[in-house]
>>> print(open('final-v5.txt').read())   # compact mmCIF, C-alpha atoms
# COMPACT_ATOMS: atom_id res chain seq x y z
CA MET A 6 7.97 -5.51 -55.20
CA PRO A 7 7.28 -2.48 -52.95
CA LEU A 8 4.02 -2.32 -50.96
CA LYS A 9 1.35 0.15 -51.97
CA SER A 10 0.27 2.76 -49.47
CA THR A 11 -3.12 1.07 -49.01
CA GLN A 12 -1.39 -2.21 -48.14
CA VAL A 13 0.80 -0.39 -45.58
CA LYS A 14 -2.29 1.18 -44.04
CA GLU A 15 -4.09 -2.16 -43.91
CA ARG A 16 -1.11 -3.80 -42.22
CA ALA A 17 -0.86 -0.94 -39.74
CA TRP A 18 -4.55 -1.29 -38.86
CA THR A 19 -4.16 -5.05 -38.52
CA TYR A 20 -1.20 -4.66 -36.14
CA LEU A 21 -3.06 -2.00 -34.18
CA PHE A 22 -6.14 -4.23 -33.90
CA TRP A 23 -4.12 -7.18 -32.60
CA ALA A 24 -2.17 -4.99 -30.17
CA VAL A 25 -5.40 -3.58 -28.71
CA PHE A 26 -6.94 -7.07 -28.62
CA ALA A 27 -3.89 -8.50 -26.80
CA ALA A 28 -3.92 -5.65 -24.26
CA ALA A 29 -7.65 -6.14 -23.59
CA ALA A 30 -7.21 -9.91 -23.24
CA ALA A 31 -4.34 -9.40 -20.80
CA ALA A 32 -6.47 -7.01 -18.73
CA VAL A 33 -9.35 -9.50 -18.65
CA VAL A 34 -7.02 -12.19 -17.30
CA LEU A 35 -4.66 -10.17 -15.08
CA LEU A 36 -7.20 -7.91 -13.36
CA PRO A 37 -9.19 -10.72 -11.71
CA ALA A 38 -5.94 -12.50 -10.88
CA TRP A 39 -4.67 -9.35 -9.10
CA LEU A 40 -7.97 -8.93 -7.24
CA LEU A 41 -8.09 -12.54 -6.06
CA LEU A 42 -4.39 -12.87 -5.21
CA PRO A 43 -4.30 -13.63 -1.47
CA ARG A 44 -2.17 -11.33 0.68
CA SER A 45 -1.19 -12.01 4.29
CA LEU A 46 -2.91 -9.94 6.99
CA ALA A 47 0.44 -9.94 8.79
CA GLY A 48 1.73 -7.67 6.04
CA LEU A 49 -0.64 -4.93 7.23
CA VAL A 50 1.28 -4.35 10.44
CA ASP A 51 4.95 -3.53 10.90
CA ALA A 52 6.10 -5.84 13.72
CA SER A 53 9.31 -3.83 14.12
CA ALA A 54 7.33 -0.81 15.37
CA PRO A 55 4.72 -0.49 18.12
CA VAL A 56 1.21 -1.52 17.04
CA GLU A 57 -1.83 0.26 18.42
CA LEU A 58 -4.73 -2.12 19.00
CA TYR A 59 -8.22 -0.95 19.87
CA ILE A 60 -11.02 -3.45 20.43
CA GLN A 61 -14.51 -2.09 20.97
CA ARG A 62 -16.72 -4.52 22.91
CA PHE A 63 -20.39 -4.31 23.75
CA ASP A 64 -20.29 -6.67 26.73
CA ARG A 65 -17.16 -5.45 28.52
CA GLU A 66 -14.81 -2.52 28.72
CA ASP A 67 -13.06 -1.59 25.48
CA VAL A 68 -9.41 -2.53 25.04
CA ASP A 69 -6.91 0.11 24.01
CA MET A 70 -3.31 -1.06 24.06
CA THR A 71 0.03 -0.57 22.37
CA ILE A 72 1.93 -3.76 21.58
CA ALA A 73 5.71 -3.37 21.62
CA PRO A 74 7.98 -5.17 19.14
CA GLY A 75 9.60 -8.39 20.30
CA THR A 76 7.05 -9.09 23.04
CA PRO A 77 4.95 -12.25 23.41
CA GLU A 78 1.88 -10.12 22.61
CA MET A 79 3.42 -9.10 19.26
CA GLU A 80 4.19 -12.75 18.50
CA ALA A 81 0.58 -13.69 19.34
CA LEU A 82 -0.75 -10.86 17.14
CA GLN A 83 1.51 -11.88 14.26
CA GLY A 84 0.49 -15.53 14.75
CA VAL A 85 -3.20 -14.72 14.32
CA LEU A 86 -2.59 -12.40 11.38
CA ASP A 87 -0.30 -14.97 9.70
CA ARG A 88 -3.18 -17.45 9.57
CA HIS A 89 -5.40 -15.12 7.59
CA THR A 90 -5.29 -13.48 4.20
CA TYR A 91 -7.16 -10.77 2.34
CA HIS A 92 -7.65 -9.54 -1.17
CA PRO A 93 -8.99 -6.25 -2.54
CA HIS A 94 -12.72 -5.85 -3.01
CA TRP A 95 -13.64 -5.07 -6.63
CA THR A 96 -14.38 -1.47 -5.61
CA ALA A 97 -10.64 -0.99 -5.00
CA LEU A 98 -10.37 -0.46 -8.74
CA PHE A 99 -12.59 2.61 -8.76
CA GLY A 100 -11.66 4.53 -5.62
CA SER A 101 -14.42 5.73 -3.33
CA THR A 102 -17.71 4.22 -4.50
CA GLU A 103 -21.17 3.59 -3.13
CA ALA A 104 -20.13 0.11 -1.97
CA GLN A 105 -17.30 1.61 0.05
CA ALA A 106 -19.66 4.21 1.49
CA TYR A 107 -21.99 1.37 2.48
CA VAL A 108 -19.17 -0.45 4.26
CA SER A 109 -18.18 2.77 6.02
CA ASP A 110 -21.78 3.32 7.18
CA THR A 111 -21.96 -0.28 8.36
CA TYR A 112 -18.86 0.20 10.48
CA ARG A 113 -20.41 3.20 12.14
CA ILE A 114 -23.10 0.97 13.60
CA LEU A 115 -20.87 -1.98 14.52
CA TYR A 116 -20.67 -2.48 18.23
CA ASP A 117 -17.77 -4.94 18.11
CA PHE A 118 -14.79 -4.02 15.99
CA VAL A 119 -11.00 -4.03 15.97
CA ARG A 120 -8.72 -1.28 14.75
CA LEU A 121 -5.01 -1.90 14.16
CA ARG A 122 -2.49 0.84 13.45
CA SER A 123 1.15 0.11 12.91
CA GLY A 124 3.78 2.73 13.71
CA GLY A 125 1.47 5.64 12.89
CA GLY A 126 1.03 4.29 9.36
CA GLU A 127 -1.92 2.68 7.68
CA SER A 128 -4.66 1.32 9.87
CA CYS A 129 -7.30 -1.30 9.28
CA GLN A 130 -10.65 -1.92 10.90
CA PHE A 131 -12.82 -5.05 10.92
CA GLY A 132 -15.54 -6.67 12.98
CA GLY A 133 -19.11 -7.82 13.21
CA GLU A 134 -20.58 -10.24 10.71
CA LEU A 135 -18.73 -8.59 7.85
CA THR A 136 -16.25 -10.55 5.79
CA TRP A 137 -14.60 -7.36 4.59
CA PHE A 138 -12.67 -4.62 6.27
CA ARG A 139 -11.27 -1.19 5.54
CA LYS A 140 -7.68 -0.10 5.23
CA TYR A 141 -7.05 3.59 5.89
CA ALA A 142 -4.12 5.64 4.62
CA PRO A 143 -2.26 7.59 7.36
CA ASP A 144 -2.57 10.94 5.57
CA ASP A 145 -6.29 10.59 4.88
CA PRO A 146 -8.47 11.82 7.77
CA TYR A 147 -11.65 11.66 5.69
CA SER A 148 -10.99 8.09 4.45
CA LYS A 149 -11.22 9.03 0.77
CA LYS A 150 -8.20 6.85 0.06
CA SER A 151 -9.45 3.96 2.17
CA ARG A 152 -9.98 0.62 0.48
CA VAL A 153 -12.38 -2.22 1.11
CA LEU A 154 -10.62 -5.55 1.48
CA VAL A 155 -12.13 -9.03 1.81
CA LEU A 156 -11.02 -11.36 4.62
CA ASP A 157 -9.59 -14.73 3.61
CA TYR A 158 -10.52 -16.33 0.33
CA LEU A 159 -13.70 -14.71 -0.96
CA GLY A 160 -14.81 -13.67 2.52
CA LYS A 161 -14.52 -17.03 4.28
CA THR A 162 -13.87 -15.43 7.71
CA GLU A 163 -16.11 -12.94 9.47
CA GLY A 164 -14.60 -9.97 11.26
CA ALA A 165 -16.11 -11.10 14.56
CA ALA A 166 -14.33 -14.47 14.34
CA LEU A 167 -11.01 -12.77 13.67
CA ARG A 168 -11.68 -10.36 16.54
CA GLN A 169 -12.35 -13.32 18.86
CA GLU A 170 -9.11 -15.02 17.77
CA LEU A 171 -7.17 -11.87 18.63
CA ILE A 172 -8.84 -11.59 22.05
CA GLU A 173 -8.00 -15.22 22.85
CA ALA A 174 -4.43 -15.06 21.52
CA LEU A 175 -3.68 -11.88 23.49
CA ASP A 176 -5.41 -13.31 26.57
CA ILE A 177 -7.67 -10.29 26.94
CA GLN A 178 -10.31 -10.72 29.63
>>> encode(input="final-v5.txt", output="structure tokens")
Amino acid sequence: MPLKSTQVKERAWTYLFWAVFAAAAAAVVLLPAWLLLPRSLAGLVDASAPVELYIQRFDREDVDMTIAPGTPEMEALQGVLDRHTYHPHWTALFGSTEAQAYVSDTYRILYDFVRLRSGGGESCQFGGELTWFRKYAPDDPYSKKSRVLVLDYLGKTEGAALRQELIEALDIQ
């Protein structure tokens, strides 16, 4: 017995409803999983290219150095970064937001921070009591494409602690 046109329409609406419901359920599960997925800080720097490291310090002279690939300094840098992870802050979903502007303003007043840039590519900056940091795109001088990232699992590590680990590992006086 052939289906009537109203039955076809009802079935189509039922399939559409369940397809939309399944897509929404997948987004509710996968989005938080993507946000909380830990990524290695070591992945932010390309160890096969020179890495520019700048450490601003309030108590001593600032450090501005370039670390060459294959050197003990690069191994020490990679060792520290290998021990830490990050994940995107929830504002990474929405581009430049007020929370990112707040983080940017906070960094302007930090007196102790670290900036890493790998091979002229993306750079990242962290420091102070913050558990988050910013990652800047190389082609973005106004940081509109920058993203806020959270250090370690749910901000377990402060930027100042990570900065101190780098200073000790690189034997910076």
>>> atom_distance(input="final-v5.txt", atom1="CA of Val13 in chain A", atom2="CA of Ala31 in chain A")
26.9 Å
>>> closest_residue(input="final-v5.txt", among="A:Ser45, A:Val56, A:Ala27, A:Tyr158", to="Leu82 in chain A", atoms="all atoms listed in the file")
A:Val56
>>> atom_distance(input="final-v5.txt", atom1="CA of Gln83 in chain A", atom2="CA of Tyr59 in chain A")
15.7 Å
>>> atom_distance(input="final-v5.txt", atom1="CA of Glu127 in chain A", atom2="CA of Ser53 in chain A")
14.5 Å
>>> closest_residue(input="final-v5.txt", among="A:Ala29, A:Ala81, A:Leu167, A:Leu41", to="Ile60 in chain A", atoms="only C-alpha atoms")
A:Leu167
>>> closest_residue(input="final-v5.txt", among="A:Ala17, A:Gln178, A:Asp87, A:Thr162", to="Asp64 in chain A", atoms="only C-alpha atoms")
A:Gln178
>>> closest_residue(input="final-v5.txt", among="A:Phe26, A:Glu57, A:Asp69, A:Ala32", to="Ile177 in chain A", atoms="all atoms listed in the file")
A:Asp69
>>> closest_residue(input="final-v5.txt", among="A:Arg122, A:Trp95, A:Tyr20, A:Ala28", to="Ala52 in chain A", atoms="all atoms listed in the file")
A:Arg122
>>> axis_aligned_box(input="final-v5.txt", around="range 27-41 of chain A", padding_each_side="4 Å", output="AutoDock Vina command-line options")
--center_x -6.6 --center_y -9.1 --center_z -16.4 --size_x 13.5 --size_y 14.9 --size_z 28.7
>>> closest_residue(input="final-v5.txt", among="A:Ala166, A:Leu156, A:Val50, A:Val85", to="Gly124 in chain A", atoms="only C-alpha atoms")
A:Val50
>>> residues_around(input="final-v5.txt", residues="Leu40 in chain A", least_positions_apart="6", cutoff="8 Å", atoms="all atoms listed in the file", output="list in words")
His92, Pro93, His94 and Trp95 of chain A
